[in-house]
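Visitor: Quick one: structure below, then a few questions.
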Amino acid sequence: MQRIMMILLLIMLPLSVIGKYLHWNEVALFAIACAAIIPLAGVMGRATESIAIHSGPKIGGLMNATFGNAVELIIAFFALREGLIGVVQASLTGSIIGNLLLVAGLSMLIGGVRYPKQKFNRTIAGTNAAMMLLGVVIALVIPAIFSLSHPGTIDIRMSVGVSIVVLILYLLGLFFSLFTHRNLFIYTENMEEEEAEWSVGKAIGVLAIATVAVAYESELLVHTIEAVSQKLGWSEVFIGVIIVAIIGNAAEHSSAILMAWRNKMDLALEIAVGSSLQVAMFVTPVLVFLSLALGNHMTLVFTWPELASMVLAVFLINFLAQDGESNWLEGAMALGAYLIIGIGFFFL
Amino acid sequence: MQRIMMILLLIMLPLSVIGKYLHWNEVALFAIACAAIIPLAGVMGRATESIAIHSGPKIGGLMNATFGNAVELIIAFFALREGLIGVVQASLTGSIIGNLLLVAGLSMLIGGVRYPKQKFNRTIAGTNAAMMLLGVVIALVIPAIFSLSHPGTIDIRMSVGVSIVVLILYLLGLFFSLFTHRNLFIYTENMEEEEAEWSVGKAIGVLAIATVAVAYESELLVHTIEAVSQKLGWSEVFIGVIIVAIIGNAAEHSSAILMAWRNKMDLALEIAVGSSLQVAMFVTPVLVFLSLALGNHMTLVFTWPELASMVLAVFLINFLAQDGESNWLEGAMALGAYLIIGIGFFFL
Amino acid sequence: MQRIMMILLLIMLPLSVIGKYLHWNEVALFAIACAAIIPLAGVMGRATESIAIHSGPKIGGLMNATFGNAVELIIAFFALREGLIGVVQASLTGSIIGNLLLVAGLSMLIGGVRYPKQKFNRTIAGTNAAMMLLGVVIALVIPAIFSLSHPGTIDIRMSVGVSIVVLILYLLGLFFSLFTHRNLFIYTENMEEEEAEWSVGKAIGVLAIATVAVAYESELLVHTIEAVSQKLGWSEVFIGVIIVAIIGNAAEHSSAILMAWRNKMDLALEIAVGSSLQVAMFVTPVLVFLSLALGNHMTLVFTWPELASMVLAVFLINFLAQDGESNWLEGAMALGAYLIIGIGFFFL
């Protein structure tokens with residue numbers, strides 16, 4: 001698997017450079033950029049993990065919680081700089097529902113094909129569900145509903161205020177899982193031990209190079225979205241919610257499914273839910289602050305279809321997880337919900 | 001009970017034929033058609049059950065899952081043919097909330113008067129709750145919210161796409177309960193043994209005759225709705241949501257309450273929840289496909305009051321069932337919610 | 001604590017009388033009225049408790065359930081008489097979310113600082129959650145959504161109908177906890193024994209005097225709200241939702257936090273959730289009926305921001321309580337949600 005990814009990377013990276021200077025067709029360039037980002041995200045994830053292991057569990061947990069979605073952040077940064085606020089919000093939406101429905105759904109389905117019933121810690125599932133209700137539902141529904149009566153001017157101030165609260169709660173959540181209630185989360189350490197690690201020096205080097213490469217490819221991706229949208233007849237929102245999100249989360253997909261296959265449902269769900277919490281409660285507030293600096297204000301007021309998709313995804317995952325057990329049908333339901341939402345965005 | 005139903009049938013069926021040809025008052029004809037459909041639905045239910053028992057649990061389960069709401073399907077078919085799409089959607093809404101709130105509520109209340117606490121399988125309740133969230137909430141909220149921005153033209157294509165996903169998930173749910181996780185649902189077999197059965201021949205004959213009679217009465221019902229609405233000052237939506245739904249579900253009411261009274265809460269809830277899942281995930285998609293054939297397109301875009309009622313009913317039943325126990329107060333709450341929704345539709 | 005409250009009362013009560021006749025600045029008068037109502041509410045609470053203890057658990061429970069939120073009712077009565085329906089609805093909203101998020105959140109946070117995990121009865125939490133879904137969510141969402149299509153004339157009739165159903169369910173809930181399922185709620189009797197009691201004579205005397213004083217101060221509060229809103233630049237809704245609600249619930253705050261600190265999470269949650277149920281299912285319907293008598297019709301149609309805040313608060317508290325355990329992070333989440341909603345109302 002890792003070998004295939006490496007080959008993909010070594011082909012796509014030079015191709016994207018050549019293609020850009022020879023002004024190839026934009027759809028081809030978009031596809032090449034996507035194909036390059038997938039292995040780069042995997043490499044960055046592995047490098048972050050390796051540094052995390054060497055730094056001990058607390059600094060390591062902090063690192064994972066900060067750099068775990070670096071790819072999403074980089075793509076969003078370039079889109080934000082171009083003023084493509086709709087694309088940023090669409091890709092955040094896509095990342096959240098992709099992790100909650102597609103990653104968790106595939107894990108439950110594929111794990112469920114092998115084991116009739118898979119168990120996981122209900123206390124953590126409950127805490128995560130409440131965090132999600134706060135960071136996704138409350139933090140986004142309040143600005144959307146409250147801005148209905150006074151649209152426009154006040155939104156950015158309200159969004160900054162809400163973003164600060166959400167970011168503080170995210171940090172408190174880290175403090176909870178790394179310090180005061182560490183014992184609940186013991187299993188997450190096992191995850192790190194599963195994978196072969198790199199030396200700190202190698203990891204930092206790889207991380208630095210990969211970050212530059214992702215930046216390069218992300219810029220290409222963002223620049224070709226408009227043309228792709230016109231040529232294929234897909235809306236930019238559909239590309240943001242479905243295509244960009246699947247690329248950005250490819251690494252999470254493969255690890256979570258592997259964990260589910262090994263009957264470690266706790267780890268699989270932690271990857272899926274933890275990643276969407278990170279996007280909602282860390283990446284999103286940071287982008288709101290960045291947007292202030294860049295002058296292209298991004299508020300927390302998402303479109304109603306985006307909002308509805310995220311809210312429904314949070315409720316479905318809570319309904320599925322509240323009994324601390326999963327089976328293949330629950331996985332199929334999550335995938336079905338993802339498909340229904342995808343159909344909706346396709347026809348939008 | 002069955003004797004009374006038989007007498008009712010033998011009086012109402014000829015009365016409706018006579019009344020129609022003598023052009024009786026439409027309100028009277030509507031009432032006669034209603035009074036005839038109730039015993040016919042009971043007879044059809046019993047015939048389906050009898051065939052199901054003789055076919056073994058798997059084919060039987062499949063039969064129940066397909067023909068269990070034949071009456072709703074027949075009434076909706078005639079309304080659809082007349083282009084009364086609002087009445088069809090109203091009666092689907094009414095059937096779903098009627099099963100979830102009225103049937104389940106009466107079961108919990110009446111069972112709860114006899115027993116202080118009644119238990120049921122939490123795993124099944126959880127799976128059913130998630131199915132309901134998918135088949136009722138997600139499958140209907142997504143089309144409604146997404147069509148806000150682009151009303152009209154795209155709705156039917158989106159609705160067909162969503163209907164296909166929902167129908168596949170319904171079939172996967174059957175596969176789950178009849179094959180891969182059959183052991184969880186053992187108790188449903190007991191239900192069938194409870195009732196005296198008919199021979200396959202008798203059952204098929206009764207089913208054929210009753211289906212024709214129901215078709216006849218349904219046509220009469222649909223044709224008189226408009227006049228009843230004008231004469232009594234009730235909206236067609238109120239008639240569809242409350243009156244038609246109660247008639248269509250009369251058989252479910254009596255069996256579910258009987259089961260609750262015998263402290264078989266698992267069966268009572270399975271009848272109530274299973275029936276509303278069937279309406280949402282089998283009858284509704286089939287009607288969307290039928291509407292294409294008939295040329296009177298019915299989308300999955302319901303009115304906001306209908307949508308709100310169904311969403312709230314699903315959440316209430318999940319809140320009530322999530323601890324695997326019921327008592328009379330929980331039954332009273334479900335009935336109270338039904339009453340509140342009924343008041344809403346009455347004043348609409 | 002009680003001594004400080006007494007001193008506060010003995011200073012503020014005369015000050016408010018003097019200030020009113022000397023036509024002091026309205027902001028000062030508003031602050032004095034607020035400062036007087038806090039200890040008055042405490043005194044009324046203690047007097048009600050004392051009478052309740054002497055009357056035995058059943059009459060006592062009934063008394064608490066009726067007079068427990070007398071202060072809110074009195075403030076609302078004067079606002080209603082002045083036709084300030086928006087202020088009444090805002091203070092009802094504030095009282096419900098204040099109890100659910102601020103009181104329950106502070107209890108979970110402060111209790112959670114002392115104990116890593118606090119347990120409470122899941123069955124009661126589940127019943128309360130369902131009651132809240134019915135009394136807050138269903139009873140308010142149905143009128144709001146249904147009035148979208150036909151705003152205006154029909155709202156008050158629909159609201160009266162829904163209010164009657166809600167009030168009956170509240171009474172059934174009392175019957176459940178005081179009679180048929182008394183054993184589940186045994187612990188609430190301990191609460192009463194905790195506090196030193198007054199004789200019935202003294203309690204009735206104090207209650208009578210305090211009620212008059214609260215009436216006096218409430219009138220002052222209501223009369224100065226408009227001026228305070230203009231001078232401080234805060235909207236009347238913000239004052240109603242946040243300021244008035246915190247004052248009206250000050251007594252609940254201190255008792256609930258004390259119980260949480262003593263690791264009696266059942267009692268702490270009963271105070272928080274019980275009080276918001278009382279506001280939603282007793283105070284609100286009574287105000288709807290009163291508004292008919294006063295001629296200033298108040299319907300159950302709240303503003304969308306108010307409705308969204310209450311609905312989200314109910315879901316968050318259910319997500320936090322559904323596992324029957326709390327910790328400091330869950331408390332922080334409830335407070336974070338309160339802060340987000342507060343930010344929303346501040347910028348409205």
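Chains: A, B, ... in order of the structure tokens. Residues: from 1 per chain. Ligands: from 1, in order shown.
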Extract, using only C-alpha atoms, all DNA, RNA and protein residues at most 6 Å from Met265 in chain C, discarding same-chain residues fewer than 3 positions from it, and format them as an mmCIF file with all heavy atoms, in the first residue's frame.
Guide:
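Writing done, so here's result.cif:
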data_model
loop_
_atom_site.group_PDB
_atom_site.id
_atom_site.type_symbol
_atom_site.label_atom_id
_atom_site.label_comp_id
_atom_site.auth_asym_id
_atom_site.auth_seq_id
_atom_site.Cartn_x
_atom_site.Cartn_y
_atom_site.Cartn_z
ATOM 1 N N PHE C 120 -25.649 9.927 38.115
ATOM 2 C CA PHE C 120 -27.024 10.252 38.449
ATOM 3 C C PHE C 120 -27.946 9.243 37.780
ATOM 4 O O PHE C 120 -27.540 8.495 36.902
ATOM 5 C CB PHE C 120 -27.379 11.683 38.041
ATOM 6 C CG PHE C 120 -26.893 12.062 36.680
ATOM 7 C CD1 PHE C 120 -27.650 11.797 35.560
ATOM 8 C CD2 PHE C 120 -25.665 12.689 36.527
ATOM 9 C CE1 PHE C 120 -27.207 12.142 34.301
ATOM 10 C CE2 PHE C 120 -25.195 13.031 35.267
ATOM 11 C CZ PHE C 120 -25.975 12.759 34.148
ATOM 12 N N ALA C 260 -24.103 19.869 43.840
ATOM 13 C CA ALA C 260 -23.062 19.260 43.006
ATOM 14 C C ALA C 260 -21.760 19.150 43.790
ATOM 15 O O ALA C 260 -21.063 18.134 43.730
ATOM 16 C CB ALA C 260 -22.851 20.087 41.738
ATOM 17 N N ALA C 268 -28.822 18.202 42.042
ATOM 18 C CA ALA C 268 -28.416 19.368 41.263
ATOM 19 C C ALA C 268 -29.152 19.401 39.923
ATOM 20 O O ALA C 268 -29.707 20.437 39.523
ATOM 21 C CB ALA C 268 -26.906 19.362 41.051
#
Visitor: Please superimpose chain B on chain A using every C-alpha atom, paired by order, in a least-squares fit, and write the moved chain as a short mmCIF file (atom, residue, chain, number, x, y, z; two decimals) with C-alpha atoms, in the first residue's frame.
Guide:
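This went into out.cif:
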data_model
loop_
_atom_site.label_atom_id
_atom_site.label_comp_id
_atom_site.auth_asym_id
_atom_site.auth_seq_id
_atom_site.Cartn_x
_atom_site.Cartn_y
_atom_site.Cartn_z
CA MET B 1 0.03 0.00 -0.07
CA GLN B 2 2.74 2.45 1.00
CA ARG B 3 4.83 1.48 -2.00
CA ILE B 4 1.95 2.21 -4.38
CA MET B 5 1.42 5.58 -2.70
CA MET B 6 5.12 6.40 -3.11
CA ILE B 7 5.03 5.54 -6.81
CA LEU B 8 1.89 7.63 -7.26
CA LEU B 9 3.65 10.54 -5.58
CA LEU B 10 6.78 10.23 -7.69
CA ILE B 11 4.72 10.25 -10.89
CA MET B 12 2.16 12.92 -10.03
CA LEU B 13 4.41 15.52 -8.43
CA PRO B 14 6.63 16.08 -11.53
CA LEU B 15 3.61 15.68 -13.85
CA SER B 16 1.82 18.55 -12.10
CA VAL B 17 4.87 20.82 -12.48
CA ILE B 18 5.25 19.96 -16.16
CA GLY B 19 1.52 20.21 -16.80
CA LYS B 20 1.25 23.61 -15.22
CA TYR B 21 4.01 25.15 -17.34
CA LEU B 22 2.77 23.53 -20.54
CA HIS B 23 -0.77 24.85 -19.76
CA TRP B 24 -2.41 21.45 -19.95
CA ASN B 25 -6.16 21.05 -19.79
CA GLU B 26 -7.46 22.25 -16.38
CA VAL B 27 -9.45 19.09 -15.71
CA ALA B 28 -6.31 17.04 -16.17
CA LEU B 29 -4.29 19.39 -13.94
CA PHE B 30 -7.04 19.18 -11.26
CA ALA B 31 -6.97 15.37 -11.40
CA ILE B 32 -3.14 15.32 -11.20
CA ALA B 33 -3.15 17.69 -8.21
CA CYS B 34 -5.73 15.48 -6.48
CA ALA B 35 -3.70 12.36 -7.20
CA ALA B 36 -0.59 14.04 -5.79
CA ILE B 37 -2.24 15.31 -2.60
CA ILE B 38 -3.49 11.86 -1.51
CA PRO B 39 -0.01 10.32 -0.97
CA LEU B 40 1.36 13.62 0.35
CA ALA B 41 -1.37 13.66 3.05
CA GLY B 42 -0.42 10.09 3.94
CA VAL B 43 3.27 10.99 4.21
CA MET B 44 2.51 14.04 6.35
CA GLY B 45 0.28 11.94 8.63
CA ARG B 46 3.04 9.38 9.09
CA ALA B 47 5.66 12.07 9.76
CA THR B 48 3.40 13.74 12.35
CA GLU B 49 2.79 10.39 14.02
CA SER B 50 6.52 9.66 14.18
CA ILE B 51 7.29 12.99 15.82
CA ALA B 52 4.33 12.45 18.16
CA ILE B 53 5.68 9.08 19.34
CA HIS B 54 9.13 10.53 20.06
CA SER B 55 7.65 13.49 21.96
CA GLY B 56 5.73 11.34 24.43
CA PRO B 57 1.96 10.97 24.61
CA LYS B 58 1.08 14.50 25.77
CA ILE B 59 3.07 16.58 23.31
CA GLY B 60 2.30 13.92 20.72
CA GLY B 61 -1.44 14.16 21.32
CA LEU B 62 -1.18 17.91 21.05
CA MET B 63 0.75 17.61 17.77
CA ASN B 64 -1.80 15.23 16.27
CA ALA B 65 -4.59 17.52 17.39
CA THR B 66 -2.93 20.50 15.71
CA PHE B 67 -1.31 19.17 12.53
CA GLY B 68 -3.61 16.21 11.91
CA ASN B 69 -5.61 18.13 9.36
CA ALA B 70 -2.79 20.25 7.96
CA VAL B 71 -3.75 19.38 4.37
CA GLU B 72 -7.31 20.71 4.81
CA LEU B 73 -5.86 23.85 6.37
CA ILE B 74 -3.44 24.43 3.50
CA ILE B 75 -6.04 23.88 0.78
CA ALA B 76 -8.45 26.20 2.64
CA PHE B 77 -5.76 28.84 3.06
CA PHE B 78 -5.20 29.11 -0.71
CA ALA B 79 -8.92 29.15 -1.43
CA LEU B 80 -9.38 31.86 1.21
CA ARG B 81 -6.57 33.96 -0.30
CA GLU B 82 -8.34 33.77 -3.67
CA GLY B 83 -11.58 34.93 -1.98
CA LEU B 84 -13.25 31.56 -2.71
CA ILE B 85 -15.05 31.59 0.65
CA GLY B 86 -17.84 29.33 -0.64
CA VAL B 87 -15.26 26.70 -1.63
CA VAL B 88 -13.60 26.88 1.81
CA GLN B 89 -16.90 26.43 3.62
CA ALA B 90 -17.88 23.63 1.24
CA SER B 91 -14.61 21.77 1.84
CA LEU B 92 -14.96 22.18 5.64
CA THR B 93 -18.50 20.79 5.39
CA GLY B 94 -17.30 17.96 3.20
CA SER B 95 -14.48 17.12 5.57
CA ILE B 96 -16.82 16.96 8.58
CA ILE B 97 -19.53 14.85 6.93
CA GLY B 98 -16.93 12.80 5.07
CA ASN B 99 -15.26 11.80 8.33
CA LEU B 100 -18.55 11.24 10.20
CA LEU B 101 -20.40 9.35 7.49
CA LEU B 102 -17.93 8.02 4.91
CA VAL B 103 -14.94 7.13 7.12
CA ALA B 104 -17.03 5.94 10.10
CA GLY B 105 -19.54 4.25 7.78
CA LEU B 106 -16.92 2.33 5.79
CA SER B 107 -15.24 1.30 9.06
CA MET B 108 -18.49 -0.01 10.52
CA LEU B 109 -19.44 -1.74 7.27
CA ILE B 110 -16.09 -3.42 6.60
CA GLY B 111 -15.51 -4.28 10.25
CA GLY B 112 -19.10 -5.51 10.44
CA VAL B 113 -18.63 -7.89 7.52
CA ARG B 114 -15.95 -9.68 9.54
CA TYR B 115 -17.47 -9.42 13.04
CA PRO B 116 -21.24 -9.59 13.74
CA LYS B 117 -20.94 -7.00 16.52
CA GLN B 118 -18.15 -4.56 17.36
CA LYS B 119 -17.97 -2.77 20.69
CA PHE B 120 -16.50 0.57 21.66
CA ASN B 121 -16.30 2.79 24.73
CA ARG B 122 -19.69 4.43 25.27
CA THR B 123 -18.40 7.15 27.60
CA ILE B 124 -15.99 8.45 24.97
CA ALA B 125 -18.64 8.12 22.26
CA GLY B 126 -21.02 10.18 24.43
CA THR B 127 -18.43 12.89 25.17
CA ASN B 128 -17.53 13.05 21.47
CA ALA B 129 -21.20 13.28 20.48
CA ALA B 130 -21.73 16.21 22.85
CA MET B 131 -18.55 17.92 21.58
CA MET B 132 -19.83 17.49 18.03
CA LEU B 133 -23.23 18.88 18.96
CA LEU B 134 -21.43 21.90 20.40
CA GLY B 135 -18.70 22.41 17.82
CA VAL B 136 -20.71 21.60 14.71
CA VAL B 137 -24.40 22.10 15.48
CA ILE B 138 -24.57 24.88 18.09
CA ALA B 139 -21.54 26.83 16.82
CA LEU B 140 -22.93 26.90 13.27
CA VAL B 141 -26.72 26.94 13.79
CA ILE B 142 -26.66 29.96 16.14
CA PRO B 143 -24.82 32.25 13.65
CA ALA B 144 -27.02 31.02 10.78
CA ILE B 145 -30.35 31.51 12.60
CA PHE B 146 -29.34 34.75 14.32
CA SER B 147 -28.07 36.27 11.06
CA LEU B 148 -31.47 35.63 9.43
CA SER B 149 -32.95 38.72 11.07
CA HIS B 150 -29.89 40.97 10.66
CA PRO B 151 -27.86 39.64 7.75
CA GLY B 152 -24.50 41.09 6.88
CA THR B 153 -22.61 43.54 9.02
CA ILE B 154 -22.71 41.89 12.45
CA ASP B 155 -21.91 38.38 11.26
CA ILE B 156 -18.14 38.58 11.36
CA ARG B 157 -18.04 39.92 14.93
CA MET B 158 -20.47 37.21 16.09
CA SER B 159 -18.41 34.61 14.21
CA VAL B 160 -15.16 35.71 15.82
CA GLY B 161 -16.78 35.59 19.28
CA VAL B 162 -18.20 32.11 18.71
CA SER B 163 -14.88 30.92 17.18
CA ILE B 164 -12.99 31.95 20.33
CA VAL B 165 -15.41 29.99 22.55
CA VAL B 166 -15.18 26.94 20.27
CA LEU B 167 -11.37 27.02 20.19
CA ILE B 168 -11.18 27.28 24.00
CA LEU B 169 -13.51 24.29 24.32
CA TYR B 170 -11.32 22.34 21.88
CA LEU B 171 -8.29 23.09 24.04
CA LEU B 172 -10.24 22.11 27.18
CA GLY B 173 -11.15 18.85 25.40
CA LEU B 174 -7.43 18.18 24.79
CA PHE B 175 -6.66 18.97 28.42
CA PHE B 176 -9.40 16.49 29.41
CA SER B 177 -8.11 13.65 27.22
CA LEU B 178 -4.38 14.25 27.74
CA PHE B 179 -4.38 15.21 31.45
CA THR B 180 -7.38 14.98 33.77
CA HIS B 181 -9.11 11.93 32.21
CA ARG B 182 -6.15 10.41 30.43
CA ASN B 183 -7.02 6.90 31.69
CA LEU B 184 -10.18 6.84 29.56
CA PHE B 185 -8.15 7.25 26.39
CA ILE B 186 -5.31 4.78 27.03
CA TYR B 187 -6.12 2.84 23.88
CA THR B 188 -5.10 5.73 21.61
CA GLU B 189 -1.49 5.12 22.52
CA ASN B 190 -1.71 1.66 21.01
CA MET B 191 -2.54 3.20 17.68
CA GLU B 192 0.82 4.85 17.48
CA GLU B 193 2.69 1.68 18.29
CA GLU B 194 1.01 -0.12 15.42
CA GLU B 195 2.94 1.69 12.74
CA ALA B 196 6.61 1.61 11.94
CA GLU B 197 8.09 4.91 12.98
CA TRP B 198 10.62 7.29 11.46
CA SER B 199 13.40 9.09 13.32
CA VAL B 200 12.59 12.63 14.44
CA GLY B 201 15.09 14.07 12.00
CA LYS B 202 13.71 12.16 9.03
CA ALA B 203 10.13 12.97 10.08
CA ILE B 204 10.78 16.70 10.35
CA GLY B 205 12.53 16.73 6.99
CA VAL B 206 9.75 14.79 5.29
CA LEU B 207 7.14 17.03 6.94
CA ALA B 208 8.85 20.20 5.70
CA ILE B 209 9.20 18.95 2.12
CA ALA B 210 5.70 17.48 1.99
CA THR B 211 4.18 20.71 3.36
CA VAL B 212 5.76 22.71 0.55
CA ALA B 213 4.62 20.16 -2.04
CA VAL B 214 1.06 20.12 -0.64
CA ALA B 215 1.08 23.93 -0.79
CA TYR B 216 2.11 23.86 -4.35
CA GLU B 217 -0.51 21.25 -5.31
CA SER B 218 -3.24 22.96 -3.25
CA GLU B 219 -2.69 26.20 -5.13
CA LEU B 220 -3.00 24.29 -8.41
CA LEU B 221 -6.17 22.59 -7.15
CA VAL B 222 -7.79 25.86 -6.09
CA HIS B 223 -6.85 27.57 -9.36
CA THR B 224 -8.43 24.85 -11.50
CA ILE B 225 -11.68 24.39 -9.53
CA GLU B 226 -13.57 27.08 -11.42
CA ALA B 227 -12.60 25.67 -14.82
CA VAL B 228 -13.39 22.08 -13.73
CA SER B 229 -16.77 23.24 -12.49
CA GLN B 230 -17.58 24.81 -15.86
CA LYS B 231 -16.22 22.00 -18.03
CA LEU B 232 -17.78 19.06 -16.13
CA GLY B 233 -20.98 20.90 -15.20
CA TRP B 234 -20.43 20.15 -11.51
CA SER B 235 -21.08 22.98 -9.06
CA GLU B 236 -18.11 24.35 -7.11
CA VAL B 237 -19.96 23.36 -3.94
CA PHE B 238 -20.24 19.73 -5.09
CA ILE B 239 -16.51 19.69 -5.90
CA GLY B 240 -15.73 21.22 -2.50
CA VAL B 241 -18.05 19.04 -0.44
CA ILE B 242 -17.42 15.71 -2.13
CA ILE B 243 -14.24 15.66 -4.26
CA VAL B 244 -11.86 17.88 -2.27
CA ALA B 245 -13.07 16.38 1.02
CA ILE B 246 -12.46 12.80 -0.08
CA ILE B 247 -8.94 13.71 -1.20
CA GLY B 248 -8.14 15.55 2.03
CA ASN B 249 -9.37 12.64 4.14
CA ALA B 250 -7.88 9.75 2.16
CA ALA B 251 -5.31 9.06 4.88
CA GLU B 252 -7.99 8.89 7.60
CA HIS B 253 -10.02 6.50 5.45
CA SER B 254 -7.30 3.92 5.09
CA SER B 255 -6.19 3.95 8.76
CA ALA B 256 -9.73 3.86 10.16
CA ILE B 257 -10.78 0.97 7.94
CA LEU B 258 -7.63 -0.96 8.85
CA MET B 259 -8.43 -0.51 12.56
CA ALA B 260 -12.04 -1.64 12.05
CA TRP B 261 -10.83 -4.71 10.16
CA ARG B 262 -8.61 -5.56 13.17
CA ASN B 263 -11.70 -5.18 15.45
CA LYS B 264 -10.32 -2.00 17.07
CA MET B 265 -13.52 -0.02 16.64
CA ASP B 266 -12.51 2.45 19.37
CA LEU B 267 -9.54 3.53 17.27
CA ALA B 268 -11.48 3.60 14.01
CA LEU B 269 -14.15 5.86 15.52
CA GLU B 270 -11.55 8.03 17.24
CA ILE B 271 -9.91 8.69 13.86
CA ALA B 272 -13.22 9.50 12.17
CA VAL B 273 -14.85 11.52 14.95
CA GLY B 274 -11.61 13.06 16.22
CA SER B 275 -10.77 14.29 12.74
CA SER B 276 -14.16 15.92 12.21
CA LEU B 277 -13.99 17.52 15.66
CA GLN B 278 -10.59 18.89 14.71
CA VAL B 279 -11.90 20.37 11.47
CA ALA B 280 -14.93 21.89 13.22
CA MET B 281 -13.28 23.15 16.41
CA PHE B 282 -9.70 23.91 15.34
CA VAL B 283 -9.39 24.34 11.56
CA THR B 284 -12.63 26.34 11.20
CA PRO B 285 -11.94 28.89 13.96
CA VAL B 286 -8.34 29.30 12.75
CA LEU B 287 -9.65 30.00 9.24
CA VAL B 288 -12.08 32.60 10.61
CA PHE B 289 -9.12 34.38 12.27
CA LEU B 290 -6.94 33.96 9.13
CA SER B 291 -9.73 35.42 7.02
CA LEU B 292 -9.61 38.59 9.13
CA ALA B 293 -5.87 38.87 8.47
CA LEU B 294 -6.33 38.21 4.75
CA GLY B 295 -9.16 40.73 4.49
CA ASN B 296 -11.56 38.19 2.89
CA HIS B 297 -13.91 37.77 5.86
CA MET B 298 -15.19 34.23 6.32
CA THR B 299 -18.07 34.02 8.82
CA LEU B 300 -19.54 30.93 10.48
CA VAL B 301 -22.72 31.44 8.43
CA PHE B 302 -22.75 28.39 6.14
CA THR B 303 -25.43 27.71 3.51
CA TRP B 304 -28.58 25.86 4.66
CA PRO B 305 -27.78 22.69 2.66
CA GLU B 306 -24.29 22.58 4.22
CA LEU B 307 -25.71 23.21 7.68
CA ALA B 308 -28.46 20.61 7.31
CA SER B 309 -25.94 18.00 6.11
CA MET B 310 -23.63 18.55 9.08
CA VAL B 311 -26.45 18.62 11.66
CA LEU B 312 -28.01 15.41 10.29
CA ALA B 313 -24.60 13.70 10.17
CA VAL B 314 -23.99 14.53 13.84
CA PHE B 315 -27.39 13.20 14.88
CA LEU B 316 -27.04 10.02 12.82
CA ILE B 317 -23.61 9.21 14.24
CA ASN B 318 -24.97 9.80 17.74
CA PHE B 319 -27.96 7.51 17.11
CA LEU B 320 -25.58 4.85 15.73
CA ALA B 321 -23.03 5.15 18.53
CA GLN B 322 -25.22 5.67 21.58
CA ASP B 323 -25.40 1.94 22.41
CA GLY B 324 -21.63 1.43 22.19
CA GLU B 325 -21.97 -1.22 19.47
CA SER B 326 -21.84 -1.27 15.68
CA ASN B 327 -22.74 -3.74 12.94
CA TRP B 328 -22.62 -3.78 9.13
CA LEU B 329 -26.16 -2.34 8.80
CA GLU B 330 -25.20 0.72 10.84
CA GLY B 331 -22.25 1.23 8.50
CA ALA B 332 -24.57 0.90 5.51
CA MET B 333 -26.87 3.53 7.05
CA ALA B 334 -24.02 6.02 7.46
CA LEU B 335 -22.95 5.39 3.84
CA GLY B 336 -26.57 5.72 2.70
CA ALA B 337 -26.84 9.08 4.45
CA TYR B 338 -23.60 10.18 2.75
CA LEU B 339 -25.00 9.11 -0.61
CA ILE B 340 -28.28 10.98 -0.04
CA ILE B 341 -26.37 14.14 0.87
CA GLY B 342 -24.07 13.62 -2.12
CA ILE B 343 -27.10 13.32 -4.44
CA GLY B 344 -28.43 16.55 -2.94
CA PHE B 345 -25.21 18.46 -3.61
CA PHE B 346 -24.88 16.95 -7.08
CA PHE B 347 -28.26 18.35 -8.14
CA LEU B 348 -27.77 21.69 -6.37
#
